[in-house]
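Source file structure02.cif; content: mmCIF, C-alpha atoms.
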```cif
data_run
loop_
_atom_site.label_atom_id
_atom_site.label_comp_id
_atom_site.auth_asym_id
_atom_site.auth_seq_id
_atom_site.Cartn_x
_atom_site.Cartn_y
_atom_site.Cartn_z
CA MET V 1 6.48 20.96 -78.93
CA PHE V 2 9.21 21.60 -81.49
CA LEU V 3 11.18 23.66 -78.97
CA LEU V 4 11.05 20.83 -76.43
CA LEU V 5 12.36 18.31 -78.97
CA LEU V 6 15.12 20.71 -79.99
CA MET V 7 16.16 21.20 -76.37
CA ILE V 8 16.23 17.42 -75.84
CA LEU V 9 18.35 16.95 -78.96
CA VAL V 10 20.79 19.68 -77.88
CA GLY V 11 21.00 18.13 -74.41
CA ILE V 12 21.80 14.72 -75.86
CA LEU V 13 24.49 16.23 -78.08
CA LEU V 14 26.02 18.08 -75.13
CA LEU V 15 26.10 14.90 -73.04
CA ALA V 16 27.70 13.01 -75.93
CA GLY V 17 30.33 15.73 -76.30
CA VAL V 18 31.13 15.72 -72.59
CA GLY V 19 31.32 11.92 -72.60
CA PHE V 20 33.65 11.86 -75.59
CA GLY V 21 35.82 14.59 -74.07
CA THR V 22 36.10 12.68 -70.82
CA PHE V 23 36.99 9.50 -72.72
CA TRP V 24 39.69 11.36 -74.70
CA VAL V 25 41.23 12.87 -71.56
CA LEU V 26 41.36 9.44 -69.89
CA ILE V 27 43.06 7.95 -72.95
CA GLN V 28 45.66 10.74 -72.95
CA LEU V 29 46.31 10.31 -69.24
CA GLY V 30 46.76 6.57 -69.76
CA VAL V 31 49.37 7.21 -72.46
CA ILE V 32 51.22 9.67 -70.20
CA VAL V 33 51.25 7.20 -67.30
CA GLN V 34 52.42 4.39 -69.59
CA LYS V 35 55.31 6.49 -70.91
CA ALA V 36 56.22 7.65 -67.41
CA THR V 37 56.54 4.08 -66.14
CA GLU V 38 58.95 3.02 -68.89
CA PRO V 39 62.56 2.66 -67.72
CA PRO V 40 64.83 5.51 -68.74
CA THR V 41 67.30 5.07 -71.57
CA THR V 42 70.80 4.52 -70.24
CA ASP V 43 73.77 5.96 -72.10
CA THR V 44 76.98 3.92 -72.02
CA ASN V 45 79.20 6.91 -72.96
CA ASN V 46 81.13 4.69 -75.36
CA TYR V 47 81.93 6.94 -78.31
CA SER V 48 84.73 6.59 -80.81
CA LEU V 49 85.76 8.19 -84.07
CA SER V 50 85.33 4.89 -85.89
CA GLN V 51 81.56 5.17 -85.53
CA GLY V 52 81.39 7.75 -88.28
CA ARG V 53 83.34 8.95 -91.25
CA ASP V 54 84.52 12.33 -92.31
CA VAL V 55 82.55 13.75 -95.21
CA GLY V 56 84.53 16.24 -97.27
CA LYS V 57 83.53 18.68 -99.98
CA ASP V 58 84.05 16.10 -102.72
CA GLU V 59 81.28 13.80 -101.42
#
```
Could you quickly redo this structure as structure tokens?
Amino acid sequence: MFLLLLMILVGILLLAGVGFGTFWVLIQLGVIVQKATEPPTTDTNNYSLSQGRDVGKDE
């Protein structure tokens, strides 16, 4: 009787683990699809020296 209850408990835990794993994979796939559908970042190629400043040894 004890062995049967132990087997049932292990089976329930295995099913819960498989269910949680499936849920986690679906969440990850949803995040990947969401990021893939975002528009790409466009670069304007507008760079100038005034955007930064020269840092010397004294700073």
- Item | Between atom CA of V:Thr37 and atom CA of V:Phe23 - distance in Å to one decimal |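 Going from atom CA of V:Phe23 over to atom CA of V:Thr37, I get 21.3 Å.
Atom CA of V:Thr42 sits 25.2 Å away from atom CA of V:Leu29.
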- Task: Please measure the separation of atom CA of V:Val18 and atom CA of V:Leu3, giving the value in Å to one decimal.
- Result: 22.4 Å
